[in-house]
Each structure stands twice: as C-alpha cells, then as structure tokens.
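Enquirer: A single structure is presented below for examination.
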Amino acid sequence: MDFNITAGEEVVVFHVASLVQDGHSPTDDDLAEELGEELRPVLQSLLGKGWLVVEEHRELALSTIARHVVSSRRDAEGPQA
C-alpha cells in the first residue's frame with residue numbers, strides 16, 4: 001500500500017468512506033456521475049495504491065488498511081461536521 005496520496009485523493013477516500021458508512025455501495029460510474037468524469041484517474045490511482053478495492057458488482061470500498069487509517073483519523077479529529 002502506498003501511503004502517499006494527494007489532497008484530492010484524500011478527499012475522495014473520505015467521500016467513499018462516508019457513502020459506505022451511510023449504507024451506499026458506490027461504483028466508479030456513480031462517483032463519476034456525482035463528482036465528474038475527471039474523477040476516474042483519481043479512482044484508478046487510489047485502486048493502484050491500495051486505498052480502494054473493487055467488490056461485487058463493481059462496488060468500491062476502502063481497503064482494510066484504508067478503513068483503519070480513516071477511522072483513526074476521524075477519532076483524532078473528533079466528530080465530523
């Protein structure tokens with residue numbers, strides 16, 4: 001896993017984490033429709049770095065390590081607005 005991600009990639013990781021936490025199972029198409037087609041290279045980068053994984057039916061999810069990082073970060077920062 002590559003822990004070096006850009007600020008833009010970090011925003012996408014937390015967005016995916018929020019969607020999954022809310023019970024959604026976004027696909028790359030869902031995210032591209034919501035956030036724009038320019039998101040696709042960011043998704044590919046996060047997949048390549050091991051932050052995102054593709055599950056059944058092309059659903060995107062955080063990798064195990066990414067879930068831990070996001071959880072730890074949220075705990076350290078307190079409640080999200």
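Residues in the structure tokens are numbered from 1 in each chain, the chains being A, B, ... in the order shown, and ligands are numbered from 1 in the order shown.
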Tell me, as number ranges by chain, which residues lie within 7 Å of range 46-52 of chain A, counting only C-alpha atoms; anything in the same chain fewer than 3 positions away does not count.
Expert: A: 1-2, 9, 42-43, 60-63, 66
Enquirer: Considering only strand (DSSP E) as DSSP defines it on the backbone, what residues of chain A qualify? List them as a list in words.
Expert: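 Secondary structure check on chain A, strand (DSSP E): Leu52, Val53, Val54, Leu60, Ala61 and Leu62 of chain A.
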Enquirer: Could you jot down the CA of Val20 in chain A to CA of Ile5 in chain A separation for me, Å, one decimal place?
Expert: 20.1 Å
Enquirer: Of the candidates A:Thr6, A:Asp22, A:Phe14, A:Asp28, which one gets nearest to His57 in chain A if we count only C-alpha atoms?
Expert: A:Asp28
Enquirer: As an exercise, work out the distance from CA of Val12 in chain A to CA of Asp29 in chain A in Å and give it to one decimal place.
Expert: 13.9 Å
Enquirer: Which value, in Å to one decimal, gives the distance between CA of Ser25 in chain A and CA of Glu59 in chain A?
Expert: 5.6 Å
Enquirer: Extract the full set of helix (DSSP H, G or I) residues from chain A according to DSSP on the backbone, and format it as a VMD selection string.
Expert: chain A and resid 7 to 21 28 to 35 37 to 49 56 to 58 64 to 77
Enquirer: Output the selection as a PDB file, in the first residue's frame - C-alpha atoms for each residue.
Expert:
ATOM      1  CA  ALA A   7      -5.062  16.047  -1.009  1.00  0.00           C
ATOM      2  CA  GLY A   8      -7.543  15.382  -3.827  1.00  0.00           C
ATOM      3  CA  GLU A   9      -7.207  11.633  -3.384  1.00  0.00           C
ATOM      4  CA  GLU A  10      -7.715  12.037   0.355  1.00  0.00           C
ATOM      5  CA  VAL A  11     -10.983  13.891  -0.252  1.00  0.00           C
ATOM      6  CA  VAL A  12     -12.195  11.015  -2.440  1.00  0.00           C
ATOM      7  CA  VAL A  13     -11.194   8.417   0.177  1.00  0.00           C
ATOM      8  CA  PHE A  14     -13.185  10.215   2.862  1.00  0.00           C
ATOM      9  CA  HIS A  15     -16.122  10.686   0.477  1.00  0.00           C
ATOM     10  CA  VAL A  16     -16.223   6.972  -0.317  1.00  0.00           C
ATOM     11  CA  ALA A  17     -15.893   6.183   3.402  1.00  0.00           C
ATOM     12  CA  SER A  18     -18.838   8.470   4.162  1.00  0.00           C
ATOM     13  CA  LEU A  19     -21.002   6.883   1.453  1.00  0.00           C
ATOM     14  CA  VAL A  20     -20.204   3.372   2.660  1.00  0.00           C
ATOM     15  CA  GLN A  21     -20.859   4.367   6.271  1.00  0.00           C
ATOM     16  CA  ASP A  28     -16.962   4.205 -10.290  1.00  0.00           C
ATOM     17  CA  ASP A  29     -19.864   5.227 -12.542  1.00  0.00           C
ATOM     18  CA  ASP A  30     -21.859   6.501  -9.546  1.00  0.00           C
ATOM     19  CA  LEU A  31     -18.956   8.616  -8.349  1.00  0.00           C
ATOM     20  CA  ALA A  32     -18.166   9.923 -11.839  1.00  0.00           C
ATOM     21  CA  GLU A  33     -21.809  10.923 -12.279  1.00  0.00           C
ATOM     22  CA  GLU A  34     -21.825  12.658  -8.894  1.00  0.00           C
ATOM     23  CA  LEU A  35     -18.385  14.284  -8.975  1.00  0.00           C
ATOM     24  CA  GLU A  37     -15.659  12.293 -15.204  1.00  0.00           C
ATOM     25  CA  GLU A  38     -12.316  13.832 -14.199  1.00  0.00           C
ATOM     26  CA  LEU A  39     -12.575  11.698 -11.061  1.00  0.00           C
ATOM     27  CA  ARG A  40     -11.810   8.459 -12.926  1.00  0.00           C
ATOM     28  CA  PRO A  41      -7.986   8.874 -12.951  1.00  0.00           C
ATOM     29  CA  VAL A  42      -8.110   9.623  -9.216  1.00  0.00           C
ATOM     30  CA  LEU A  43     -10.073   6.422  -8.625  1.00  0.00           C
ATOM     31  CA  GLN A  44      -7.566   4.451 -10.708  1.00  0.00           C
ATOM     32  CA  SER A  45      -4.713   5.927  -8.706  1.00  0.00           C
ATOM     33  CA  LEU A  46      -6.370   5.011  -5.397  1.00  0.00           C
ATOM     34  CA  LEU A  47      -7.027   1.485  -6.649  1.00  0.00           C
ATOM     35  CA  GLY A  48      -3.396   1.177  -7.692  1.00  0.00           C
ATOM     36  CA  LYS A  49      -2.146   2.486  -4.364  1.00  0.00           C
ATOM     37  CA  GLU A  56     -19.000  -7.500  -6.027  1.00  0.00           C
ATOM     38  CA  HIS A  57     -20.960  -5.687  -8.778  1.00  0.00           C
ATOM     39  CA  ARG A  58     -18.092  -3.167  -9.293  1.00  0.00           C
ATOM     40  CA  THR A  64      -8.781  -2.873   5.252  1.00  0.00           C
ATOM     41  CA  ILE A  65      -5.806  -0.628   5.930  1.00  0.00           C
ATOM     42  CA  ALA A  66      -7.585   2.417   4.471  1.00  0.00           C
ATOM     43  CA  ARG A  67     -10.577   1.788   6.758  1.00  0.00           C
ATOM     44  CA  HIS A  68      -8.228   1.751   9.731  1.00  0.00           C
ATOM     45  CA  VAL A  69      -6.498   4.962   8.613  1.00  0.00           C
ATOM     46  CA  VAL A  70      -9.815   6.746   8.056  1.00  0.00           C
ATOM     47  CA  SER A  71     -11.170   5.527  11.404  1.00  0.00           C
ATOM     48  CA  SER A  72      -8.026   6.598  13.253  1.00  0.00           C
ATOM     49  CA  ARG A  73      -8.040   9.973  11.562  1.00  0.00           C
ATOM     50  CA  ARG A  74     -11.688  10.610  12.422  1.00  0.00           C
ATOM     51  CA  ASP A  75     -11.057   9.603  16.041  1.00  0.00           C
ATOM     52  CA  ALA A  76      -8.108  12.011  16.269  1.00  0.00           C
ATOM     53  CA  GLU A  77     -10.003  14.895  14.678  1.00  0.00           C
TER      54      GLU A  77
END
